[in-house]
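entry_8.txt follows; it contains compact mmCIF, C-alpha atoms.
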```txt
# COMPACT_ATOMS: atom_id res chain seq x y z
CA MET A 678 100.71 68.35 92.86
CA LYS A 679 100.03 64.74 93.77
CA ASN A 680 102.74 62.28 94.78
CA ILE A 681 102.28 59.22 92.56
CA LEU A 682 104.18 55.93 92.87
CA LEU A 683 104.39 53.59 89.89
CA ILE A 684 105.60 50.05 90.40
CA GLY A 685 107.03 49.28 86.98
CA GLY A 686 107.27 52.23 84.65
CA SER A 687 110.08 51.62 82.20
CA TYR A 688 108.16 49.77 79.50
CA GLY A 689 104.71 49.25 78.05
CA ILE A 690 101.72 50.37 80.05
CA GLY A 691 103.81 51.63 82.95
CA LEU A 692 105.88 53.88 80.69
CA ALA A 693 102.73 55.20 79.01
CA ILE A 694 101.29 56.04 82.44
CA ALA A 695 104.54 57.76 83.41
CA LYS A 696 104.39 59.94 80.30
CA GLU A 697 100.71 60.70 80.93
CA LEU A 698 101.33 61.79 84.54
CA ASN A 699 104.78 63.32 84.27
CA THR A 700 104.02 67.00 83.88
CA GLU A 701 101.35 67.48 86.55
CA ASN A 702 102.50 65.16 89.36
CA ASN A 703 105.51 64.32 91.50
CA LEU A 704 106.28 60.94 90.01
CA PHE A 705 108.21 58.11 91.68
CA ILE A 706 108.95 55.01 89.61
CA ALA A 707 110.13 51.77 91.21
CA SER A 708 111.42 49.41 88.53
CA ARG A 709 114.34 47.18 87.65
CA THR A 710 115.75 49.70 85.18
CA ASN A 711 115.49 53.40 84.45
CA GLU A 712 115.73 52.77 80.72
CA ASN A 713 113.38 55.02 78.69
CA LEU A 714 112.95 57.37 81.67
CA SER A 715 115.82 59.82 81.10
CA GLU A 716 113.62 62.49 79.49
CA LEU A 717 111.01 62.38 82.26
CA ASN A 718 111.07 64.43 85.45
CA ILE A 719 110.80 61.51 87.87
CA THR A 720 112.53 59.96 90.86
CA HIS A 721 113.65 56.40 90.11
CA LEU A 722 113.94 53.66 92.73
CA PRO A 723 115.75 50.45 91.68
CA PHE A 724 113.25 47.71 92.51
CA ASP A 725 112.52 44.12 91.50
CA ALA A 726 108.97 43.22 92.52
CA LEU A 727 109.91 39.54 92.85
CA ALA A 728 113.00 40.01 94.98
CA ASP A 729 113.14 43.38 96.71
CA THR A 730 111.47 45.21 99.58
CA LEU A 731 110.55 48.75 98.61
CA ASP A 732 112.80 51.37 100.23
CA THR A 733 110.31 53.85 101.67
CA THR A 734 113.02 56.22 102.91
CA ILE A 735 113.23 57.62 99.36
CA LEU A 736 109.47 58.18 99.18
CA PRO A 737 107.50 61.14 100.51
CA ALA A 738 105.52 60.70 103.72
CA VAL A 739 102.32 61.19 101.73
CA ILE A 740 101.51 59.12 98.64
CA ASP A 741 98.36 60.16 96.80
CA GLY A 742 98.38 57.47 94.13
CA LEU A 743 99.79 53.99 93.61
CA VAL A 744 99.80 51.97 90.38
CA TYR A 745 101.07 48.38 90.25
CA CYS A 746 102.02 47.39 86.70
CA PRO A 747 104.06 44.13 86.80
CA GLY A 748 102.21 41.15 85.37
CA SER A 749 102.38 38.13 83.10
CA ILE A 750 100.71 36.60 80.05
CA ASN A 751 101.10 32.85 80.48
CA LEU A 752 98.84 31.11 77.95
CA ARG A 753 99.19 27.33 77.95
CA PRO A 754 96.87 24.30 78.02
CA PHE A 755 95.88 23.43 81.58
CA ARG A 756 97.05 19.81 81.31
CA GLY A 757 100.60 21.03 80.66
CA LEU A 758 100.71 23.50 83.55
CA LYS A 759 102.42 22.48 86.74
CA PRO A 760 101.46 24.02 90.10
CA GLU A 761 104.70 25.99 89.97
CA ALA A 762 103.39 27.92 86.95
CA PHE A 763 100.31 28.98 88.91
CA GLU A 764 102.51 29.98 91.84
CA ALA A 765 104.75 32.07 89.57
CA ASP A 766 101.79 33.92 88.08
CA LEU A 767 100.30 34.54 91.51
CA GLN A 768 103.65 35.79 92.79
CA ILE A 769 104.25 38.49 90.17
CA ASN A 770 100.62 39.52 89.72
CA PHE A 771 99.26 39.29 93.25
CA ILE A 772 101.59 38.40 96.12
CA SER A 773 104.19 41.02 95.21
CA LEU A 774 101.35 43.54 94.84
CA ILE A 775 100.22 42.80 98.39
CA LYS A 776 103.74 43.33 99.74
CA VAL A 777 104.03 46.71 98.02
CA ILE A 778 100.66 47.94 99.30
CA GLN A 779 101.41 46.84 102.85
CA THR A 780 104.80 48.58 102.69
CA VAL A 781 103.40 51.96 101.61
CA LEU A 782 100.04 51.74 103.40
CA PRO A 783 100.98 54.39 106.02
CA ASN A 784 101.93 56.78 103.19
CA LEU A 785 98.62 56.14 101.42
CA ILE A 786 96.63 56.67 104.62
CA ALA A 787 98.46 59.96 105.17
CA SER A 788 96.86 61.39 102.02
CA GLU A 789 93.54 63.20 102.23
CA GLN A 790 92.20 60.57 99.84
CA SER A 791 94.61 58.30 97.95
CA SER A 792 93.93 56.14 94.92
CA ILE A 793 95.24 52.66 94.10
CA VAL A 794 95.02 51.44 90.51
CA LEU A 795 95.58 47.76 89.74
CA PHE A 796 95.50 45.70 86.54
CA SER A 797 93.46 42.59 85.85
CA SER A 798 92.49 41.05 82.51
CA VAL A 799 89.38 40.44 80.45
CA ALA A 800 90.17 36.74 81.05
CA ALA A 801 89.17 37.09 84.71
CA SER A 802 85.53 37.65 83.72
CA MET A 803 85.35 35.65 80.47
CA GLY A 804 86.04 31.95 80.12
CA MET A 805 88.96 31.83 77.67
CA PRO A 806 90.90 28.68 76.78
CA PHE A 807 94.56 28.44 77.84
CA HIS A 808 94.09 31.26 80.40
CA THR A 809 93.65 29.19 83.59
CA SER A 810 96.81 30.39 85.32
CA VAL A 811 96.67 34.09 84.44
CA ALA A 812 92.89 34.21 84.96
CA ALA A 813 93.31 32.78 88.46
CA ALA A 814 95.95 35.38 89.34
CA LYS A 815 93.98 38.28 87.88
CA GLY A 816 90.76 37.05 89.50
CA ALA A 817 92.55 37.23 92.85
CA ILE A 818 93.35 40.88 92.16
CA GLU A 819 89.72 41.74 91.45
CA GLY A 820 88.41 40.13 94.63
CA PHE A 821 91.20 41.65 96.70
CA ALA A 822 90.61 45.14 95.29
CA LYS A 823 86.92 45.16 96.21
CA ALA A 824 87.63 43.96 99.74
CA LEU A 825 90.45 46.48 100.22
CA ALA A 826 88.29 49.29 98.88
CA ALA A 827 85.57 48.43 101.39
CA GLU A 828 88.01 48.20 104.28
CA TYR A 829 89.72 51.53 103.67
CA ALA A 830 86.85 53.68 102.37
CA PRO A 831 86.69 56.64 102.32
CA LYS A 832 90.42 57.15 102.95
CA ILE A 833 91.74 55.02 100.07
CA ARG A 834 90.03 54.37 96.75
CA VAL A 835 90.87 51.11 94.96
CA ASN A 836 89.97 50.38 91.34
CA VAL A 837 91.01 47.85 88.71
CA ILE A 838 91.53 48.15 84.97
CA ALA A 839 90.82 44.92 83.07
CA PRO A 840 92.12 45.19 79.50
CA SER A 841 92.02 42.85 76.58
CA LEU A 842 95.18 42.21 74.54
CA THR A 843 97.24 45.41 74.45
CA ASP A 844 100.20 46.26 72.25
CA THR A 845 103.07 46.11 74.74
CA PRO A 846 106.44 44.31 74.89
CA LEU A 847 104.80 41.67 77.12
CA ALA A 848 102.30 40.85 74.36
CA ASP A 849 104.76 41.02 71.48
CA LYS A 850 104.58 37.31 70.59
CA PHE A 851 100.83 37.65 70.05
CA LEU A 852 101.17 40.71 67.79
CA ASN A 853 104.49 40.14 66.01
CA SER A 854 103.09 39.78 62.48
CA ASP A 855 100.55 41.60 60.33
CA GLU A 856 98.37 38.48 60.28
CA LYS A 857 98.32 38.20 64.09
CA ARG A 858 97.58 41.90 64.47
CA GLU A 859 94.68 41.75 62.04
CA LYS A 860 93.17 38.65 63.67
CA SER A 861 93.46 40.23 67.10
CA ALA A 862 91.84 43.44 65.91
CA GLN A 863 88.91 41.56 64.38
CA ARG A 864 88.23 39.68 67.62
CA HIS A 865 87.20 42.94 69.26
CA PRO A 866 83.87 44.66 68.57
CA LEU A 867 85.72 47.97 68.11
CA LYS A 868 87.98 46.24 65.55
CA ARG A 869 91.32 47.06 67.08
CA PHE A 870 93.49 45.83 69.92
CA GLY A 871 94.44 48.06 72.81
CA THR A 872 97.30 50.50 73.11
CA SER A 873 99.29 51.52 76.16
CA THR A 874 97.82 55.00 75.81
CA ASP A 875 94.26 53.63 76.14
CA LEU A 876 95.11 52.21 79.54
CA ALA A 877 97.30 55.12 80.64
CA GLN A 878 94.44 57.55 80.11
CA MET A 879 92.10 55.43 82.24
CA ALA A 880 94.74 55.09 84.97
CA SER A 881 95.27 58.86 84.92
CA PHE A 882 91.54 59.41 85.37
CA LEU A 883 91.33 56.97 88.29
CA LEU A 884 94.25 58.69 90.02
CA SER A 885 92.74 62.14 89.59
CA ASP A 886 90.14 64.02 91.63
CA LYS A 887 87.76 63.59 88.68
CA SER A 888 87.17 60.03 89.94
CA SER A 889 86.89 60.94 93.63
CA TRP A 890 83.48 59.21 93.95
CA ILE A 891 84.61 55.95 92.33
CA SER A 892 85.96 52.97 94.27
CA GLY A 893 85.79 49.19 94.22
CA GLN A 894 85.15 49.06 90.49
CA ILE A 895 86.47 46.87 87.65
CA PHE A 896 86.81 48.86 84.43
CA HIS A 897 86.81 46.77 81.26
CA VAL A 898 88.97 48.72 78.84
CA ASP A 899 88.80 45.96 76.25
CA GLY A 900 87.36 47.19 72.96
CA GLY A 901 83.95 45.87 73.97
CA MET A 902 85.11 42.26 74.14
CA SER A 903 83.68 41.42 77.57
CA THR A 904 80.17 42.75 76.97
CA LEU A 905 79.45 43.08 73.26
CA LEU A 906 78.61 40.45 70.68
CA VAL A 907 78.50 41.93 67.19
CA ASN A 908 78.45 40.57 63.68
CA SER A 909 81.80 40.49 61.95
```
Rewrite the coordinates I just gave you, this time as structure tokens.
Amino acid sequence: MKNILLIGGSYGIGLAIAKELNTENNLFIASRTNENLSELNITHLPFDALADTLDTTILPAVIDGLVYCPGSINLRPFRGLKPEAFEADLQINFISLIKVIQTVLPNLIASEQSSIVLFSSVAASMGMPFHTSVAAAKGAIEGFAKALAAEYAPKIRVNVIAPSLTDTPLADKFLNSDEKREKSAQRHPLKRFGTSTDLAQMASFLLSDKSSWISGQIFHVDGGMSTLLVNS
């Protein structure tokens, strides 16, 4: 069984990944709360990505997979964004990610071949209004992931999932009415918005040996939004 570490796993995409991986892996979840995790066979580490240093003494010496889930959806007009907003988005999406990876890097190197899965956004590759701050933070992740994958190949694989709008607590204000849900669905060529399960299944694949020849890639799990233009 693989030792998998999830940073954030109590809600949304992280929880869906935890449920997807729970039965066939030794799962460690570092998050602010263990809410929703009581029925899963996991080891929980209290951890705030913005404030804490990960306690590696609780972790196994070998980590075969790492998923970093914390993120933000900060959609505002650029003229109303202060530099502090950009700094906040970079902190939760990128800087805290770097700290986690550096902390557990020896554990990842100890694996025969470990896998890191990160999350970007369709907004990093498409020009979308009101996305300047989050697109900048997610774009940093994509560039970082490719460079890290090159530096640590073949020992560590690094891949990124770039979703479109997904039905999670973080996105609730964009999907909190039937009208919003229908409009969001129609914006996608596949005529629906994403679910946590869609992304959990891709993360599970990238952590598994089935993807052992894949690294440095950005996977657009986005209902076709980033590449397809179809008639409505």
Report as a tab-separated table: every residue of region 855-909 of chain A with an atom at most 9 Å from region 848-851 of chain A, its closest pair of atoms, and their distance in Å to one decimal, counting all atoms listed in the file, with rows sorted by chain and ascending residue number.
```
residue	atom	partner	partner_atom	distance
A:Lys857	CA	A:Phe851	CA	6.5
A:Arg858	CA	A:Phe851	CA	7.7
A:Ser861	CA	A:Phe851	CA	8.3
```
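As for CA of Pro831 (chain A) and CA of Ser892 (chain A), they are spaced 8.9 Å apart.
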Worksheet item: If you count all atoms listed in the file, which residues fall within 12 Å of region 776-788 of chain A, apart from same-chain ones fewer than 2 positions away, as a ChimeraX atom specification?
Response: /A:679-685,707,724-747,768-774,790-795,821-822,825,829-835
Kindly export the residues of the current selection with C-alpha atoms, as a CSV table (one decimal), in the coordinates of the input.
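Saved the output as result24.csv:
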```csv
chain,number,residue,atom,x,y,z
A,679,LYS,CA,100.0,64.7,93.8
A,680,ASN,CA,102.7,62.3,94.8
A,681,ILE,CA,102.3,59.2,92.6
A,682,LEU,CA,104.2,55.9,92.9
A,683,LEU,CA,104.4,53.6,89.9
A,684,ILE,CA,105.6,50.0,90.4
A,685,GLY,CA,107.0,49.3,87.0
A,707,ALA,CA,110.1,51.8,91.2
A,724,PHE,CA,113.2,47.7,92.5
A,725,ASP,CA,112.5,44.1,91.5
A,726,ALA,CA,109.0,43.2,92.5
A,727,LEU,CA,109.9,39.5,92.8
A,728,ALA,CA,113.0,40.0,95.0
A,729,ASP,CA,113.1,43.4,96.7
A,730,THR,CA,111.5,45.2,99.6
A,731,LEU,CA,110.6,48.8,98.6
A,732,ASP,CA,112.8,51.4,100.2
A,733,THR,CA,110.3,53.8,101.7
A,734,THR,CA,113.0,56.2,102.9
A,735,ILE,CA,113.2,57.6,99.4
A,736,LEU,CA,109.5,58.2,99.2
A,737,PRO,CA,107.5,61.1,100.5
A,738,ALA,CA,105.5,60.7,103.7
A,739,VAL,CA,102.3,61.2,101.7
A,740,ILE,CA,101.5,59.1,98.6
A,741,ASP,CA,98.4,60.2,96.8
A,742,GLY,CA,98.4,57.5,94.1
A,743,LEU,CA,99.8,54.0,93.6
A,744,VAL,CA,99.8,52.0,90.4
A,745,TYR,CA,101.1,48.4,90.2
A,746,CYS,CA,102.0,47.4,86.7
A,747,PRO,CA,104.1,44.1,86.8
A,768,GLN,CA,103.6,35.8,92.8
A,769,ILE,CA,104.2,38.5,90.2
A,770,ASN,CA,100.6,39.5,89.7
A,771,PHE,CA,99.3,39.3,93.2
A,772,ILE,CA,101.6,38.4,96.1
A,773,SER,CA,104.2,41.0,95.2
A,774,LEU,CA,101.4,43.5,94.8
A,790,GLN,CA,92.2,60.6,99.8
A,791,SER,CA,94.6,58.3,98.0
A,792,SER,CA,93.9,56.1,94.9
A,793,ILE,CA,95.2,52.7,94.1
A,794,VAL,CA,95.0,51.4,90.5
A,795,LEU,CA,95.6,47.8,89.7
A,821,PHE,CA,91.2,41.6,96.7
A,822,ALA,CA,90.6,45.1,95.3
A,825,LEU,CA,90.4,46.5,100.2
A,829,TYR,CA,89.7,51.5,103.7
A,830,ALA,CA,86.8,53.7,102.4
A,831,PRO,CA,86.7,56.6,102.3
A,832,LYS,CA,90.4,57.2,103.0
A,833,ILE,CA,91.7,55.0,100.1
A,834,ARG,CA,90.0,54.4,96.8
A,835,VAL,CA,90.9,51.1,95.0
```
Practice prompt. Fewer than 4 positions away in the same chain doesn't count, so skip those; otherwise give me all residues within 12 Å of Thr845 (chain A), counting only C-alpha atoms, as a list in words.
Written response: Ser687, Tyr688, Gly689, Ile690, Gly691, Leu692, Ala693, Gly748, Ser749, Ile750, Pro840, Ser841, Asp849, Lys850, Phe851, Leu852, Asn853, Phe870, Gly871, Thr872, Ser873, Thr874, Asp875 and Leu876 of chain A
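Within the 8 Å cut-off around Phe807 (chain A), using all atoms listed in the file and omitting residues fewer than 5 positions from it on the same chain, the listed residues are Leu752, Arg753, Pro754 and Phe755 of chain A.
Atom pair CA of Ser802 (chain A) / CA of Ser889 (chain A) has a distance of 25.3 Å (rounded to one decimal).
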Fill in: Near-Ile838 (chain A) list (10 Å; all atoms listed in the file; drop same-chain fewer than 6 positions) as a ChimeraX atom specification
/A:794-799,819,876,879-880,883,894-899
Return as AutoDock Vina command-line options the box centre and box size in Å, one decimal, for an axis-aligned box around all listed atoms of region 791-797 of chain A padded by 5 Å per side.
```
--center_x 94.5 --center_y 50.4 --center_z 91.9 --size_x 12.1 --size_y 25.7 --size_z 22.1
```
Fill in: Long-range neighbours of Ser881 (chain A) as a ChimeraX atom specification, 8 Å cut-off, all atoms listed in the file, 3 positions minimum in chain
/A:694,697-698,877-878,884-885
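The coordinates place CA of Ala765 (chain A) at 28.4 Å from CA of Gly900 (chain A).
Residue nearest Ala800 (chain A) within the list A:Ser708, A:Ser903, A:Arg864, A:Ile775: A:Ser903 [criterion: smallest interatomic distance, only C-alpha atoms].
Restricting the calculation to all atoms listed in the file, the smallest distance between Gly686 (chain A) and any of A:Ser854, A:Asn702, A:Ile719, A:Glu761 is found for A:Ile719.
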